[in-house]
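Asks: The following block contains the structure, expressed as structure tokens.
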Amino acid sequence: MRYNIIFSILGLMSKYIGILFIIPIVCAVLLKENSAIIPFLTTGIVAIALGFLLTIKKVEQKEIDNIKKSESLTTVFFAWILFAIICTIPYLFYGMDFTNASFEAMSGVTTTGASIMDDYSIYPKTLFFFRSLTQWFGGMGIVVLFIAVLPGISVAGRQMFYAEAPAPTEDKPTPRIRYTASWLWGIYLALTLFELVILKYLGLDLYDATITSISTIATGGFSHLPNSIYDFHNPSIS
């Protein structure tokens with residue numbers, strides 16, 4: 001097992017996970033929740049710093065391209081753990097202990113949908129957006145996303161793609177695995193936007209429609225309302 005390759009790929013992913021925290025930061029700015037910027041900015045910086053730490057030891061591209069099956073399985077396993085741990089950090093800023101924060105984060109990234117939150121009035125809207133966003137990324141698969149966007153793991157991505165697949169398969173969906181991953185994410189995004197437009201048409205504001213869309217399309221069901229979509233009091237949405 002060549003751990004330097006595993007660390008290198010995980011480090012690269014960590015850097016880009018950190019960049020993804022721009023999304024909740026933008027949400028906080030748009031919602032004028034300036035106090036919510038710090039938790040996500042801090043988390044993004046931590047993720048990027050961790051990425052640089054994991055990639056201190058340089059690995060040649062040909063080594064990554066020749067990743068073994070056992071190494072790809074290990075990389076995928078730790079990629080999910082890494083993603084969940086990073087997503088735990090913002091919850092710690094809102095009074096949760098590590099156990100509850102990690103439970104909420106893991107529930108999000110695995111699209112389980114279980115929650116320890118009981119008083120929804122004490123959390124900012126940005127945190128609920130972030131919570132649903134973790135489900136959205138987890139619904140398609142964070143590894144599939146990075147296979148689609150990172151040229152550095154385009155060759156190794158085939159092994160990792162099948163390592164993350166829910167069932168063993170020998171068939172290639174398309175000749176190029178990066179092309180497949182890009183199409184999967186494109187379809188996923190299109191379906192999300194389609195649902196968002198429908199919910200807007202049915203009377204929801206942009207925030208409610210976005211939260212509901214990214215949660216339900218991932219089949220996780222996180223909601224920013226105590227009684228979920230029942231609180232919309234709209235039979236068409238229910």
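We label chains A, B, ... in the order they appear in the structure tokens, count residues from 1 in each chain, and number ligands from 1 in the order shown.
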What's around A:Phe98 at 12 Å? Count only C-alpha atoms, leave out sequence neighbours fewer than 3 positions away in its own chain, and write the answer as a short mmCIF file (atom, residue, chain, number, x, y, z; two decimals) with N, CA, C and O atoms, in the first residue's frame.
Replies:
data_model
loop_
_atom_site.label_atom_id
_atom_site.label_comp_id
_atom_site.auth_asym_id
_atom_site.auth_seq_id
_atom_site.Cartn_x
_atom_site.Cartn_y
_atom_site.Cartn_z
N ALA A 84 -16.59 14.31 5.82
CA ALA A 84 -17.47 14.41 6.99
C ALA A 84 -16.81 15.18 8.13
O ALA A 84 -17.46 16.00 8.79
N ILE A 85 -15.53 14.94 8.36
CA ILE A 85 -14.82 15.63 9.45
C ILE A 85 -14.74 17.13 9.17
O ILE A 85 -14.96 17.96 10.06
N ILE A 86 -14.42 17.49 7.94
CA ILE A 86 -14.35 18.91 7.58
C ILE A 86 -15.73 19.57 7.75
O ILE A 86 -15.84 20.69 8.27
N CYS A 87 -16.78 18.86 7.34
CA CYS A 87 -18.13 19.41 7.45
C CYS A 87 -18.62 19.47 8.90
O CYS A 87 -19.64 20.11 9.18
N THR A 88 -17.91 18.82 9.80
CA THR A 88 -18.26 18.88 11.22
C THR A 88 -17.94 20.25 11.81
O THR A 88 -18.63 20.74 12.71
N ILE A 89 -16.88 20.88 11.30
CA ILE A 89 -16.34 22.10 11.92
C ILE A 89 -17.37 23.23 12.06
O ILE A 89 -17.47 23.83 13.15
N PRO A 90 -18.15 23.57 11.03
CA PRO A 90 -19.09 24.70 11.19
C PRO A 90 -20.08 24.51 12.34
O PRO A 90 -20.44 25.48 13.02
N TYR A 91 -20.53 23.28 12.57
CA TYR A 91 -21.49 23.03 13.64
C TYR A 91 -20.90 23.33 15.02
O TYR A 91 -21.64 23.69 15.94
N LEU A 92 -19.61 23.19 15.15
CA LEU A 92 -18.95 23.45 16.44
C LEU A 92 -19.07 24.91 16.85
O LEU A 92 -18.99 25.24 18.04
N PHE A 93 -19.24 25.79 15.87
CA PHE A 93 -19.39 27.22 16.16
C PHE A 93 -20.75 27.56 16.74
O PHE A 93 -20.97 28.68 17.20
N TYR A 94 -21.68 26.61 16.70
CA TYR A 94 -23.03 26.89 17.15
C TYR A 94 -23.43 26.07 18.37
O TYR A 94 -24.59 25.69 18.55
N GLY A 95 -22.44 25.79 19.19
CA GLY A 95 -22.72 25.19 20.49
C GLY A 95 -22.83 23.67 20.52
O GLY A 95 -23.09 23.10 21.59
N ALA A 101 -22.02 17.27 16.46
CA ALA A 101 -21.63 17.93 15.21
C ALA A 101 -21.23 16.91 14.16
O ALA A 101 -21.61 17.03 12.99
N SER A 102 -20.46 15.91 14.56
CA SER A 102 -20.02 14.89 13.60
C SER A 102 -21.19 14.03 13.15
O SER A 102 -21.25 13.59 11.99
N PHE A 103 -22.15 13.80 14.05
CA PHE A 103 -23.35 13.04 13.66
C PHE A 103 -24.13 13.80 12.59
O PHE A 103 -24.55 13.22 11.59
N GLU A 104 -24.32 15.10 12.81
CA GLU A 104 -25.06 15.92 11.85
C GLU A 104 -24.34 15.96 10.50
O GLU A 104 -24.98 15.87 9.44
N ALA A 105 -23.02 16.11 10.55
CA ALA A 105 -22.24 16.17 9.32
C ALA A 105 -22.28 14.84 8.58
O ALA A 105 -22.49 14.80 7.36
N MET A 106 -22.07 13.74 9.30
CA MET A 106 -22.08 12.43 8.66
C MET A 106 -23.46 12.09 8.10
O MET A 106 -23.58 11.49 7.02
#
Asks: Rank A:Ala181, A:Thr192, A:Gly221, A:Lys32 by their smallest atom-to-atom distance to A:Ser107, using only C-alpha atoms, and report the top residue only.
Replies: A:Gly221
Asks: Using only C-alpha atoms, which residues sit within 6 Å of A:Thr55 once same-chain residues fewer than 2 positions away are excluded, as number ranges by chain?
Replies: A: 8, 11, 52-53, 57
Asks: Residues of the last selection are to be written out with N, CA and C atoms, as an mmCIF file, in the first residue's frame.
Replies:
data_model
loop_
_atom_site.group_PDB
_atom_site.id
_atom_site.type_symbol
_atom_site.label_atom_id
_atom_site.label_comp_id
_atom_site.auth_asym_id
_atom_site.auth_seq_id
_atom_site.Cartn_x
_atom_site.Cartn_y
_atom_site.Cartn_z
ATOM 1 N N SER A 8 -1.669 12.064 -1.100
ATOM 2 C CA SER A 8 -1.603 13.083 -2.144
ATOM 3 C C SER A 8 -2.984 13.359 -2.734
ATOM 4 N N GLY A 11 -5.149 14.992 -0.125
ATOM 5 C CA GLY A 11 -4.745 16.387 0.034
ATOM 6 C C GLY A 11 -5.311 17.267 -1.063
ATOM 7 N N PHE A 52 -2.663 21.140 1.922
ATOM 8 C CA PHE A 52 -1.238 21.400 1.709
ATOM 9 C C PHE A 52 -0.374 20.501 2.597
ATOM 10 N N LEU A 53 -0.859 20.236 3.803
ATOM 11 C CA LEU A 53 -0.109 19.370 4.723
ATOM 12 C C LEU A 53 -0.014 17.945 4.177
ATOM 13 N N LYS A 57 4.706 15.878 0.684
ATOM 14 C CA LYS A 57 5.554 14.946 -0.046
ATOM 15 C C LYS A 57 5.022 14.800 -1.463
#
Asks: Any chance you could list, as a ChimeraX atom specification, the residues in stretch 26-221 of chain A that come up alpha helix (DSSP H) when DSSP is run on the backbone?
Replies: /A:26-30,37-54,61-65,69-92,98-109,125-140,142-149,157-164,177-201,206-216
Asks: Excluding stretch 195-203 of chain A and any residue of its chain fewer than 2 positions from it, enumerate the residues within 12 Å of it, using only C-alpha atoms, and give them as a PyMOL selection string.
Replies: chain A and resi 188-193+205-218+229+232-238
Asks: Would you mind telling me which residue in A:Thr42, A:Thr126, A:Ser14, A:Asn34 lies nearest to A:Phe83 when using only C-alpha atoms?
Replies: A:Ser14
Asks: Using only C-alpha atoms, which residues sit within 10 Å of A:Phe78 once same-chain residues fewer than 6 positions away are excluded, as a PyMOL selection string?
Replies: chain A and resi 6-7+10+72+84
Asks: Keeping C-alpha atoms for every residue in the selection just given, could you write it to a file as a PDB file, in the first residue's frame?
Replies:
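Result file follows (again30.pdb):
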ATOM      1  CA  ILE A   6      -3.391   8.096  -0.934  1.00  0.00           C
ATOM      2  CA  PHE A   7      -2.330  11.170   1.049  1.00  0.00           C
ATOM      3  CA  LEU A  10      -6.765  13.183  -0.261  1.00  0.00           C
ATOM      4  CA  SER A  72      -8.325   3.327  -4.648  1.00  0.00           C
ATOM      5  CA  ALA A  84     -17.466  14.409   6.990  1.00  0.00           C
TER       6      ALA A  84
END
Asks: Kindly indicate which residue among A:Val109, A:Ile5, A:Ile187, A:Leu12 lies nearest to A:Phe137, using only C-alpha atoms for the distances.
Replies: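 Of all the options, A:Val109 lies closest to A:Phe137.
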Asks: Could you check which of A:Gly138, A:Pro124, A:Gly51, A:Gly220 is closest to A:Ser35, using only C-alpha atoms?
Replies: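 Checking each candidate against A:Ser35, we get A:Pro124 as the closest.
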